[in-house]
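File shown: model.cif (mmCIF, C-alpha atoms).
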```
data_data
#
loop_
_atom_site.label_atom_id
_atom_site.label_comp_id
_atom_site.auth_asym_id
_atom_site.auth_seq_id
_atom_site.Cartn_x
_atom_site.Cartn_y
_atom_site.Cartn_z
CA MET A 1 70.82 150.34 86.96
CA THR A 2 70.86 154.08 87.32
CA VAL A 3 67.09 154.47 87.44
CA GLU A 4 64.60 153.10 89.90
CA SER A 5 63.44 149.80 88.50
CA THR A 6 59.88 148.63 88.86
CA ALA A 7 60.72 145.21 87.46
CA ALA A 8 59.75 142.36 89.73
CA ARG A 9 63.31 141.06 89.81
CA LYS A 10 64.56 144.15 91.64
CA PRO A 11 63.33 145.03 95.17
CA ARG A 12 61.93 148.45 95.89
CA ARG A 13 64.10 150.98 97.68
CA SER A 14 63.59 151.56 101.35
CA SER A 15 61.08 154.28 102.13
CA LYS A 16 63.55 155.61 104.74
CA ARG A 17 65.53 157.61 102.18
CA THR A 18 65.21 161.19 103.35
CA SER A 19 66.14 162.72 99.99
CA ALA A 20 63.45 160.96 98.00
CA VAL A 21 60.66 163.47 97.45
CA LYS A 22 57.12 162.12 97.54
CA THR A 23 54.53 163.09 94.97
CA THR A 24 51.50 165.06 96.05
CA ALA A 25 49.24 163.09 93.73
CA LYS A 26 46.65 161.10 95.65
CA THR A 27 46.00 157.47 94.89
CA SER A 28 42.53 156.01 94.76
CA ALA A 29 41.33 153.82 97.60
CA LYS A 30 40.73 151.14 95.00
CA THR A 31 44.30 151.30 93.72
CA PRO A 32 46.22 148.12 94.65
CA GLN A 33 49.33 149.81 96.09
CA SER A 34 50.48 150.41 99.62
CA SER A 35 52.14 153.82 99.32
CA GLU A 36 52.41 156.87 97.13
CA PRO A 37 54.96 156.61 94.31
CA GLU A 38 58.33 158.31 94.52
CA LEU A 39 58.84 161.49 92.55
CA VAL A 40 62.35 162.51 91.51
CA GLN A 41 62.73 166.21 92.22
CA LEU A 42 65.87 168.35 92.24
CA LEU A 43 64.29 171.80 92.34
CA THR A 44 61.25 172.61 94.49
CA PRO A 45 58.46 174.94 93.33
CA GLU A 46 60.02 177.59 95.58
CA GLY A 47 63.36 177.29 93.78
CA GLU A 48 65.19 175.34 96.50
CA ARG A 49 67.83 172.88 95.31
CA LEU A 50 67.56 169.24 96.41
CA GLU A 51 69.89 166.27 96.03
CA HIS A 52 68.89 162.76 94.99
CA PRO A 53 70.99 159.63 95.53
CA ASP A 54 70.56 158.37 91.98
CA TYR A 55 70.31 161.55 89.92
CA SER A 56 73.08 164.00 90.66
CA ILE A 57 73.57 166.88 88.27
CA ASP A 58 76.07 169.72 88.33
CA LEU A 59 75.43 172.56 85.91
CA THR A 60 77.29 175.81 85.39
CA ALA A 61 75.56 179.16 85.69
CA GLU A 62 75.71 179.46 81.91
CA GLU A 63 74.00 176.09 81.46
CA LEU A 64 71.29 177.05 83.94
CA ARG A 65 70.67 180.30 82.09
CA GLY A 66 70.51 178.32 78.86
CA LEU A 67 67.75 176.08 80.22
CA TYR A 68 65.84 179.12 81.41
CA ARG A 69 66.21 180.81 78.03
CA ASP A 70 65.00 177.68 76.27
CA MET A 71 61.85 177.53 78.36
CA VAL A 72 61.06 181.23 78.07
CA LEU A 73 61.48 181.35 74.30
CA THR A 74 59.54 178.12 73.84
CA ARG A 75 56.65 179.54 75.87
CA ARG A 76 56.76 182.77 73.87
CA PHE A 77 56.63 180.89 70.59
CA ASP A 78 53.77 178.76 71.87
CA ALA A 79 51.79 181.83 72.95
CA GLU A 80 52.32 183.43 69.55
CA ALA A 81 51.13 180.29 67.77
CA THR A 82 47.99 180.21 69.92
CA ALA A 83 47.30 183.86 69.09
CA LEU A 84 47.83 183.22 65.38
CA GLN A 85 45.27 180.42 65.47
CA ARG A 86 42.76 182.70 67.18
CA GLN A 87 43.36 185.24 64.41
CA GLY A 88 42.59 182.65 61.73
CA GLU A 89 46.18 182.23 60.57
CA LEU A 90 46.41 178.59 61.72
CA GLY A 91 43.78 175.90 61.51
CA LEU A 92 44.67 174.37 64.87
CA TRP A 93 47.33 174.51 67.57
CA ALA A 94 48.31 172.17 70.42
CA SER A 95 49.81 174.23 73.23
CA LEU A 96 52.60 173.02 75.51
CA LEU A 97 51.94 175.65 78.19
CA GLY A 98 53.09 174.23 81.53
CA GLN A 99 55.12 171.40 80.02
CA GLU A 100 58.25 173.39 79.14
CA ALA A 101 60.47 171.77 81.79
CA ALA A 102 59.59 168.23 80.70
CA GLN A 103 60.41 169.03 77.08
CA ILE A 104 63.47 171.22 77.51
CA GLY A 105 64.95 169.02 80.22
CA SER A 106 64.57 165.83 78.21
CA GLY A 107 65.48 167.55 74.94
CA ARG A 108 68.77 168.88 76.30
CA ALA A 109 69.66 165.40 77.57
CA LEU A 110 69.89 164.12 73.98
CA ARG A 111 73.04 163.74 71.91
CA ASP A 112 73.13 164.86 68.30
CA ASP A 113 73.09 161.26 67.06
CA ASP A 114 70.05 160.29 69.13
CA TYR A 115 66.71 160.12 67.30
CA VAL A 116 63.42 161.64 68.44
CA PHE A 117 59.88 160.48 67.67
CA PRO A 118 57.46 163.20 68.86
CA THR A 119 53.69 163.53 69.03
CA TYR A 120 52.25 166.89 67.93
CA ARG A 121 53.03 168.93 71.07
CA GLU A 122 56.82 168.62 71.38
CA HIS A 123 57.61 172.18 70.36
CA GLY A 124 60.22 172.49 73.11
CA VAL A 125 61.99 169.32 72.03
CA ALA A 126 61.96 170.58 68.44
CA TRP A 127 63.61 173.78 69.70
CA CYS A 128 66.34 171.72 71.38
CA ARG A 129 66.92 169.78 68.14
CA GLY A 130 67.43 172.97 66.16
CA VAL A 131 64.19 172.87 64.19
CA ASP A 132 63.19 176.43 63.29
CA PRO A 133 59.94 177.27 65.12
CA THR A 134 58.36 178.62 61.96
CA ASN A 135 58.77 175.19 60.35
CA LEU A 136 56.45 173.72 62.97
CA LEU A 137 53.59 175.94 61.83
CA GLY A 138 53.33 174.95 58.18
CA MET A 139 51.33 171.81 58.90
CA PHE A 140 48.96 173.66 61.23
CA ARG A 141 48.46 176.32 58.53
CA GLY A 142 47.81 173.64 55.94
CA VAL A 143 50.62 174.54 53.56
CA ASN A 144 52.79 171.42 53.96
CA HIS A 145 52.89 167.96 55.50
CA GLY A 146 55.59 168.70 58.06
CA GLY A 147 57.98 171.42 57.06
CA TRP A 148 61.36 169.91 57.91
CA ASP A 149 63.61 167.03 56.93
CA PRO A 150 63.59 164.55 59.84
CA ASN A 151 67.09 163.33 59.08
CA THR A 152 68.63 166.79 59.29
CA ASN A 153 67.98 167.11 63.02
CA ASN A 154 67.16 163.48 63.90
CA PHE A 155 63.69 164.76 64.78
CA HIS A 156 60.82 162.91 63.13
CA LEU A 157 57.78 164.70 61.76
CA TYR A 158 54.90 165.30 64.14
CA THR A 159 52.60 162.31 64.60
CA ILE A 160 48.86 162.97 64.88
CA VAL A 161 47.78 159.34 65.24
CA ILE A 162 47.83 158.71 68.98
CA GLY A 163 50.56 156.33 70.13
CA SER A 164 51.76 155.07 66.75
CA GLN A 165 55.12 156.84 67.06
CA THR A 166 56.13 154.52 69.90
CA LEU A 167 56.11 151.61 67.46
CA HIS A 168 58.15 153.63 64.99
CA ALA A 169 60.64 154.46 67.73
CA THR A 170 60.90 150.85 68.86
CA GLY A 171 61.53 149.60 65.34
CA TYR A 172 64.11 152.31 64.75
CA ALA A 173 65.83 151.48 68.05
CA MET A 174 65.94 147.78 67.13
CA GLY A 175 67.64 148.81 63.90
CA VAL A 176 70.13 150.97 65.78
CA ALA A 177 71.03 147.98 67.94
CA LYS A 178 71.50 145.73 64.92
CA ASP A 179 73.73 148.36 63.33
CA GLY A 180 75.92 148.33 66.42
CA ALA A 181 75.57 152.06 67.03
CA ASP A 182 75.68 153.47 70.56
CA SER A 183 73.01 156.10 69.95
CA ALA A 184 69.61 156.01 71.64
CA VAL A 185 66.02 156.69 70.62
CA ILE A 186 63.33 158.57 72.55
CA ALA A 187 59.57 158.40 71.99
CA TYR A 188 57.23 161.04 73.40
CA PHE A 189 53.58 160.40 74.21
CA GLY A 190 50.90 161.48 76.65
CA ASP A 191 49.02 159.84 79.46
CA GLY A 192 46.05 159.20 77.19
CA ALA A 193 48.23 157.53 74.59
CA SER A 194 49.48 155.11 77.23
CA SER A 195 46.12 153.33 76.91
CA GLN A 196 46.68 152.62 73.23
CA GLY A 197 47.53 149.11 72.09
CA ASP A 198 50.40 150.47 70.01
CA VAL A 199 52.13 151.59 73.20
CA ALA A 200 51.71 148.19 74.84
CA GLU A 201 53.10 146.48 71.74
CA SER A 202 56.05 148.87 71.79
CA PHE A 203 56.77 147.97 75.41
CA THR A 204 56.67 144.27 74.56
CA PHE A 205 58.96 144.43 71.54
CA SER A 206 61.43 146.86 73.13
CA ALA A 207 61.76 144.69 76.22
CA VAL A 208 62.10 141.39 74.36
CA TYR A 209 64.65 142.79 71.91
CA ASN A 210 66.40 144.99 74.50
CA ALA A 211 65.96 148.02 72.25
CA PRO A 212 67.84 151.23 73.17
CA VAL A 213 64.72 153.36 73.53
CA VAL A 214 63.39 155.71 76.19
CA PHE A 215 59.63 156.06 76.45
CA PHE A 216 58.96 159.58 77.71
CA CYS A 217 55.37 159.97 78.87
CA GLN A 218 54.25 163.51 79.65
CA ASN A 219 51.46 162.89 82.11
CA ASN A 220 49.68 166.25 81.95
CA GLN A 221 46.72 164.82 83.92
CA TRP A 222 44.15 165.07 81.13
CA ALA A 223 43.66 162.97 77.99
CA ILE A 224 41.56 165.68 76.37
CA SER A 225 38.66 165.63 78.86
CA GLU A 226 39.45 162.34 80.62
CA PRO A 227 41.48 162.50 83.86
CA THR A 228 44.33 160.10 84.51
CA GLU A 229 42.36 158.08 87.05
CA LYS A 230 40.07 156.99 84.22
CA GLN A 231 43.08 155.79 82.25
CA THR A 232 44.90 153.65 84.81
CA ARG A 233 44.57 152.02 88.26
CA VAL A 234 48.30 152.44 89.00
CA PRO A 235 50.82 155.25 88.41
CA LEU A 236 51.82 155.16 84.76
CA TYR A 237 55.53 154.54 85.36
CA GLN A 238 54.67 151.32 87.20
CA ARG A 239 53.29 149.84 84.00
CA ALA A 240 56.87 149.12 82.97
CA GLN A 241 56.98 146.44 85.68
CA GLY A 242 54.71 144.14 83.70
CA PHE A 243 56.99 144.34 80.67
CA GLY A 244 60.23 143.76 82.56
CA PHE A 245 62.04 147.09 82.35
CA PRO A 246 62.53 150.09 84.66
CA GLY A 247 60.08 152.91 85.17
CA VAL A 248 60.61 156.18 87.01
CA ARG A 249 58.39 159.14 87.82
CA VAL A 250 59.97 162.59 87.67
CA ASP A 251 58.64 166.03 88.55
CA GLY A 252 57.75 167.21 85.06
CA ASN A 253 57.86 170.86 86.14
CA ASP A 254 61.45 170.53 87.33
CA VAL A 255 63.79 171.04 84.38
CA LEU A 256 66.83 169.85 86.33
CA ALA A 257 65.21 166.57 87.34
CA CYS A 258 63.89 165.97 83.82
CA LEU A 259 67.37 166.54 82.44
CA ALA A 260 69.04 164.23 84.96
CA VAL A 261 66.51 161.40 84.71
CA THR A 262 66.35 161.43 80.92
CA ARG A 263 70.13 161.59 80.61
CA SER A 264 70.42 158.56 82.90
CA ALA A 265 67.81 156.61 80.91
CA LEU A 266 69.52 157.42 77.61
CA GLU A 267 72.91 156.35 78.94
CA ARG A 268 71.35 153.10 80.14
CA ALA A 269 69.98 152.49 76.66
CA ARG A 270 73.36 153.19 75.06
CA ARG A 271 75.00 150.65 77.37
CA GLY A 272 72.73 147.98 75.93
CA GLU A 273 70.52 147.66 79.02
CA GLY A 274 67.26 148.16 77.15
CA PRO A 275 64.27 150.47 77.46
CA THR A 276 63.14 152.77 80.27
CA LEU A 277 59.76 154.37 80.89
CA VAL A 278 59.96 157.94 82.21
CA GLU A 279 56.73 159.48 83.47
CA ALA A 280 57.03 163.26 83.66
CA PHE A 281 54.35 164.27 86.15
CA THR A 282 53.23 167.67 84.88
CA TYR A 283 50.11 169.62 83.93
CA ARG A 284 48.59 170.97 80.75
CA MET A 285 47.84 174.57 81.68
CA GLY A 286 45.91 175.33 78.53
CA ALA A 287 43.44 173.51 76.34
CA HIS A 288 44.17 170.17 74.69
CA THR A 289 44.13 172.07 71.40
CA THR A 290 42.60 175.37 70.37
CA SER A 291 39.38 173.50 69.50
CA ASP A 292 38.99 172.41 73.14
CA ASP A 293 37.39 174.19 76.11
CA PRO A 294 38.95 172.86 79.35
CA THR A 295 36.55 174.90 81.53
CA LYS A 296 33.88 172.32 80.73
CA TYR A 297 35.68 169.47 82.51
CA ARG A 298 38.15 170.82 85.07
CA ALA A 299 38.03 173.34 87.90
CA ASP A 300 39.84 176.65 88.03
CA GLU A 301 41.19 175.69 91.46
CA GLU A 302 43.06 172.77 89.92
CA ARG A 303 44.85 175.00 87.44
CA ALA A 304 45.63 177.52 90.17
CA SER A 305 47.33 174.85 92.28
CA TRP A 306 49.58 173.95 89.35
CA GLU A 307 50.37 177.57 88.54
CA ALA A 308 52.24 177.63 91.84
CA LYS A 309 54.50 174.90 90.42
CA ASP A 310 55.32 176.82 87.23
CA PRO A 311 58.57 175.45 85.74
CA ILE A 312 59.87 178.82 84.57
CA LEU A 313 59.19 180.68 87.81
CA ARG A 314 60.91 178.05 89.94
CA LEU A 315 64.09 178.13 87.85
CA ARG A 316 64.10 181.93 87.88
CA ALA A 317 63.81 181.85 91.67
CA TYR A 318 66.81 179.53 91.83
CA LEU A 319 68.85 181.67 89.43
CA GLU A 320 68.18 184.76 91.51
CA LYS A 321 68.97 183.04 94.82
CA GLU A 322 72.25 181.71 93.45
CA GLY A 323 73.18 184.97 91.75
CA ALA A 324 73.45 183.08 88.46
CA ALA A 325 71.50 185.69 86.49
CA ASP A 326 71.05 189.43 86.84
CA GLU A 327 68.31 191.80 85.77
CA ALA A 328 70.15 192.60 82.56
CA PHE A 329 69.88 188.94 81.54
CA PHE A 330 66.14 188.84 82.13
CA THR A 331 65.60 192.14 80.32
CA ALA A 332 67.59 191.01 77.30
CA LEU A 333 65.65 187.75 77.23
CA ASP A 334 62.35 189.64 77.24
CA GLU A 335 63.53 191.60 74.23
CA GLU A 336 64.64 188.40 72.49
CA SER A 337 61.21 186.89 73.17
CA GLU A 338 59.45 189.78 71.49
CA THR A 339 61.77 189.54 68.52
CA LEU A 340 60.96 185.84 68.20
CA GLY A 341 57.23 186.54 68.36
CA LYS A 342 57.48 189.13 65.61
CA ARG A 343 59.53 186.80 63.41
CA VAL A 344 56.99 184.01 63.84
CA ARG A 345 54.07 186.29 62.96
CA GLU A 346 55.73 187.59 59.84
CA ALA A 347 56.88 184.15 58.71
CA VAL A 348 53.44 182.57 59.05
CA ARG A 349 51.66 185.32 57.14
CA ALA A 350 54.26 185.13 54.39
CA MET A 351 53.90 181.37 53.86
CA PRO A 352 52.83 180.77 50.24
CA ASP A 353 49.80 178.64 49.49
CA PRO A 354 50.77 175.19 48.23
CA ASP A 355 50.30 174.14 44.62
CA PRO A 356 47.04 172.10 44.61
CA ILE A 357 48.51 169.71 42.03
CA ALA A 358 51.29 168.80 44.47
CA ILE A 359 49.00 166.32 46.23
CA PHE A 360 49.66 163.91 43.37
CA ASP A 361 53.43 164.11 43.70
CA ASN A 362 55.35 161.27 45.36
CA VAL A 363 52.33 158.96 45.57
CA TYR A 364 54.35 156.37 43.66
CA ALA A 365 58.10 156.40 43.18
CA ASP A 366 57.87 155.75 39.43
CA GLY A 367 54.44 157.19 38.63
CA ASN A 368 51.15 155.44 37.98
CA PRO A 369 48.68 155.70 35.04
CA LEU A 370 45.67 156.13 37.33
CA VAL A 371 47.36 158.89 39.33
CA ASP A 372 48.37 160.59 36.09
CA GLU A 373 44.76 160.47 34.90
CA GLU A 374 43.46 161.88 38.17
CA ARG A 375 46.08 164.64 38.10
CA ALA A 376 44.98 165.68 34.60
CA GLN A 377 41.32 165.71 35.62
CA PHE A 378 42.02 167.80 38.71
CA ALA A 379 44.21 170.21 36.74
CA ALA A 380 41.38 170.71 34.25
CA TYR A 381 38.95 171.32 37.10
CA GLN A 382 41.24 173.95 38.60
CA ALA A 383 41.72 175.59 35.22
CA SER A 384 37.96 175.94 34.82
CA PHE A 385 37.87 178.47 37.65
CA ALA A 386 40.44 180.61 35.85
CA ASP A 387 38.32 180.50 32.69
CA THR A 388 35.22 181.60 34.64
CA ALA A 389 37.10 184.48 36.23
CA GLU A 390 38.37 185.56 32.80
CA GLU A 391 34.85 185.57 31.37
CA GLY A 392 33.62 187.77 34.19
CA LYS A 393 35.99 190.61 33.34
#
```
Represent the structure from my file as structure tokens, please.
Amino acid sequence: MTVESTAARKPRRSSKRTSAVKTTAKTSAKTPQSSEPELVQLLTPEGERLEHPDYSIDLTAEELRGLYRDMVLTRRFDAEATALQRQGELGLWASLLGQEAAQIGSGRALRDDDYVFPTYREHGVAWCRGVDPTNLLGMFRGVNHGGWDPNTNNFHLYTIVIGSQTLHATGYAMGVAKDGADSAVIAYFGDGASSQGDVAESFTFSAVYNAPVVFFCQNNQWAISEPTEKQTRVPLYQRAQGFGFPGVRVDGNDVLACLAVTRSALERARRGEGPTLVEAFTYRMGAHTTSDDPTKYRADEERASWEAKDPILRLRAYLEKEGAADEAFFTALDEESETLGKRVREAVRAMPDPDPIAIFDNVYADGNPLVDEERAQFAAYQASFADTAEEGK
């Protein structure tokens, strides 16, 4: 295997490996484990490059700049969407602030023929799949039910129901295997969703049927207002052990490590070796959604400690140390970011209101008498407002 297995049939690696970076997360005294879990890291918060025995990666300067550009533009889009919600242009928004490396790293590990099942926060993965950012906003503005064709980019519509997309991904992956294709499937979910029964069922089916699926858990430390320690007694990646497939924890703020680990897990799936659980250990810098106030349940000091691990700043530090990017690159990217923000603002405000009658479309493939009756009643109701407005002139 190319990833660290937590399955009982494979012994743990020796703790003497000097290149294995340890996580800074503390484990509870009640937790039944003898040591802190390993954390795959290839780029430190200070921008220093590390090597790992199982996850080597060699990127060109152009590829490194591309990853940096992806993260910067994704953050700019996310910030614009948050501002638009505050201005009343969107009903709600789920920010990815702080999770750019986990999403861009894993997203860039995918092949075109791989299929993605996201939650509602994977804006960076959508960017990597070529989904126009403005298409992500239609649902949050209430003008459509998704805004893009999932089959065009192999990127499923956002899933609001917590954890259900892991079952969809597992079923799709089982189908891929039966078709004999060598593509892989990836399912995104959060630490809170890992407590859902749907996720456990997905683990069971994927393991038993050796489905080519990667479960990518973005552990951002908070399931809305509940910390991870109230979700699990062991590190999340170790849950894979009970289902008989590998689990690995990666520094979710390290875009290089996320890319390398996800690429390895996807290749394992394509070889017919079954599922992998990747836990990207990261942090949600903002609110759960714009309807949430994180100051009520977490300390400012906690956020400040994670700001020092910012995924964008660490890659910029590495680019500058290696001479892989100059000031002209950063200046041009700032200008591109502002252009993207302006385009998003204009696109959202120009979105037409949906036809109210459209809610009756596609309920049944061949129509239904009851739906037809309800459509006629609703159309008459809508028309009555026009008649009232006409009388008032």
*Give as a PyMOL selection string the residues that the PyMOL selection byres ((chain A and resi 222) around 9) matches when applied to the coordinates above.*
chain A and resi 190-192+219-221+223-228+283-284+288
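Straight-line separation from CA of Phe243 in chain A to CA of Val116 in chain A: 22.1 Å.
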*Quick one: which residues end up in the PyMOL selection byres ((chain A and resi 81-98) around 10) for this structure, as a ChimeraX atom specification?*
/A:71,74-80,99-103,120-124,133-134,136-142,220,252-253,282-292,306-307,309-312,341,344-345,348-349
*From the set A:Leu39, A:Ser337, A:Asp114, A:Gly66, which residue has the shortest atom-to-atom contact distance to Asp182 in chain A, counting all atoms listed in the file?*
A:Asp114
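Between CA of Val363 in chain A and CA of Glu201 in chain A lies a distance of 29.0 Å.
Between CA of Ala265 in chain A and CA of Pro53 in chain A there is a distance of 15.3 Å.
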For a quick check of your reading of the model, name the residues lying within 12 Å of the coordinate (62.6, 173.8, 95.4), counting all atoms listed in the file, and write them as an mmCIF file with C-alpha atoms, in the coordinates of the input.
```cif
data_model
loop_
_atom_site.group_PDB
_atom_site.id
_atom_site.type_symbol
_atom_site.label_atom_id
_atom_site.label_comp_id
_atom_site.auth_asym_id
_atom_site.auth_seq_id
_atom_site.Cartn_x
_atom_site.Cartn_y
_atom_site.Cartn_z
ATOM 1 C CA VAL A 21 60.660 163.470 97.450
ATOM 2 C CA VAL A 40 62.350 162.510 91.510
ATOM 3 C CA GLN A 41 62.730 166.210 92.220
ATOM 4 C CA LEU A 42 65.870 168.350 92.240
ATOM 5 C CA LEU A 43 64.290 171.800 92.340
ATOM 6 C CA THR A 44 61.250 172.610 94.490
ATOM 7 C CA PRO A 45 58.460 174.940 93.330
ATOM 8 C CA GLU A 46 60.020 177.590 95.580
ATOM 9 C CA GLY A 47 63.360 177.290 93.780
ATOM 10 C CA GLU A 48 65.190 175.340 96.500
ATOM 11 C CA ARG A 49 67.830 172.880 95.310
ATOM 12 C CA LEU A 50 67.560 169.240 96.410
ATOM 13 C CA GLU A 51 69.890 166.270 96.030
ATOM 14 C CA ASP A 251 58.640 166.030 88.550
ATOM 15 C CA ASN A 253 57.860 170.860 86.140
ATOM 16 C CA ASP A 254 61.450 170.530 87.330
ATOM 17 C CA VAL A 255 63.790 171.040 84.380
ATOM 18 C CA LEU A 256 66.830 169.850 86.330
ATOM 19 C CA ALA A 257 65.210 166.570 87.340
ATOM 20 C CA ALA A 308 52.240 177.630 91.840
ATOM 21 C CA LYS A 309 54.500 174.900 90.420
ATOM 22 C CA ASP A 310 55.320 176.820 87.230
ATOM 23 C CA PRO A 311 58.570 175.450 85.740
ATOM 24 C CA LEU A 313 59.190 180.680 87.810
ATOM 25 C CA ARG A 314 60.910 178.050 89.940
ATOM 26 C CA LEU A 315 64.090 178.130 87.850
ATOM 27 C CA ARG A 316 64.100 181.930 87.880
ATOM 28 C CA ALA A 317 63.810 181.850 91.670
ATOM 29 C CA TYR A 318 66.810 179.530 91.830
ATOM 30 C CA LEU A 319 68.850 181.670 89.430
ATOM 31 C CA LYS A 321 68.970 183.040 94.820
#
```
Every residue with an atom at most 12 Å from (52.1, 162.3, 46.7) (file coordinates; all atoms listed in the file) is what I'm after, so could you write them as a PDB file with C-alpha atoms, in the coordinates of the input?
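Below is the file selection-v3.pdb, written as the result:
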```pdb
ATOM      1  CA  ASN A 144      52.790 171.420  53.960  1.00  0.00           C
ATOM      2  CA  HIS A 145      52.890 167.960  55.500  1.00  0.00           C
ATOM      3  CA  PRO A 356      47.040 172.100  44.610  1.00  0.00           C
ATOM      4  CA  ILE A 357      48.510 169.710  42.030  1.00  0.00           C
ATOM      5  CA  ALA A 358      51.290 168.800  44.470  1.00  0.00           C
ATOM      6  CA  ILE A 359      49.000 166.320  46.230  1.00  0.00           C
ATOM      7  CA  PHE A 360      49.660 163.910  43.370  1.00  0.00           C
ATOM      8  CA  ASP A 361      53.430 164.110  43.700  1.00  0.00           C
ATOM      9  CA  ASN A 362      55.350 161.270  45.360  1.00  0.00           C
ATOM     10  CA  VAL A 363      52.330 158.960  45.570  1.00  0.00           C
ATOM     11  CA  TYR A 364      54.350 156.370  43.660  1.00  0.00           C
ATOM     12  CA  ALA A 365      58.100 156.400  43.180  1.00  0.00           C
ATOM     13  CA  ASP A 366      57.870 155.750  39.430  1.00  0.00           C
ATOM     14  CA  GLY A 367      54.440 157.190  38.630  1.00  0.00           C
ATOM     15  CA  ASN A 368      51.150 155.440  37.980  1.00  0.00           C
ATOM     16  CA  VAL A 371      47.360 158.890  39.330  1.00  0.00           C
ATOM     17  CA  ASP A 372      48.370 160.590  36.090  1.00  0.00           C
ATOM     18  CA  ARG A 375      46.080 164.640  38.100  1.00  0.00           C
TER      19      ARG A 375
END
```
*Can you list what the PyMOL selection byres ((chain A and resi 130) around 10) grabs from this structure, as a ChimeraX atom specification?*
/A:125-129,131-133,152-155
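If you measure from each of A:Thr170, A:Asn151, A:Gln231, A:Gln218 to Phe205 in chain A using all atoms listed in the file, the closest one turns out to be A:Thr170.
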_With distances taken over all atoms listed in the file, which residue among A:Ala299, A:Val248, A:Thr339, A:Ala187 lies nearest Gly107 in chain A?_
A:Ala187
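For the residues A:Tyr237, A:Phe245, A:Tyr115, A:Phe203, ranking by smallest atom-to-atom distance to Val185 in chain A using all atoms listed in the file places A:Tyr115 first.
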Using the file's own x, y and z axes, what box holds all listed atoms of range 165-179 of chain A with 8 Å on each side, keeping edges along x, y and z, and what are its centre and edge lengths in Å to one decimal, as AutoDock Vina command-line options?
```
--center_x 64.4 --center_y 151.3 --center_z 66.6 --size_x 34.6 --size_y 27.1 --size_z 22.6
```
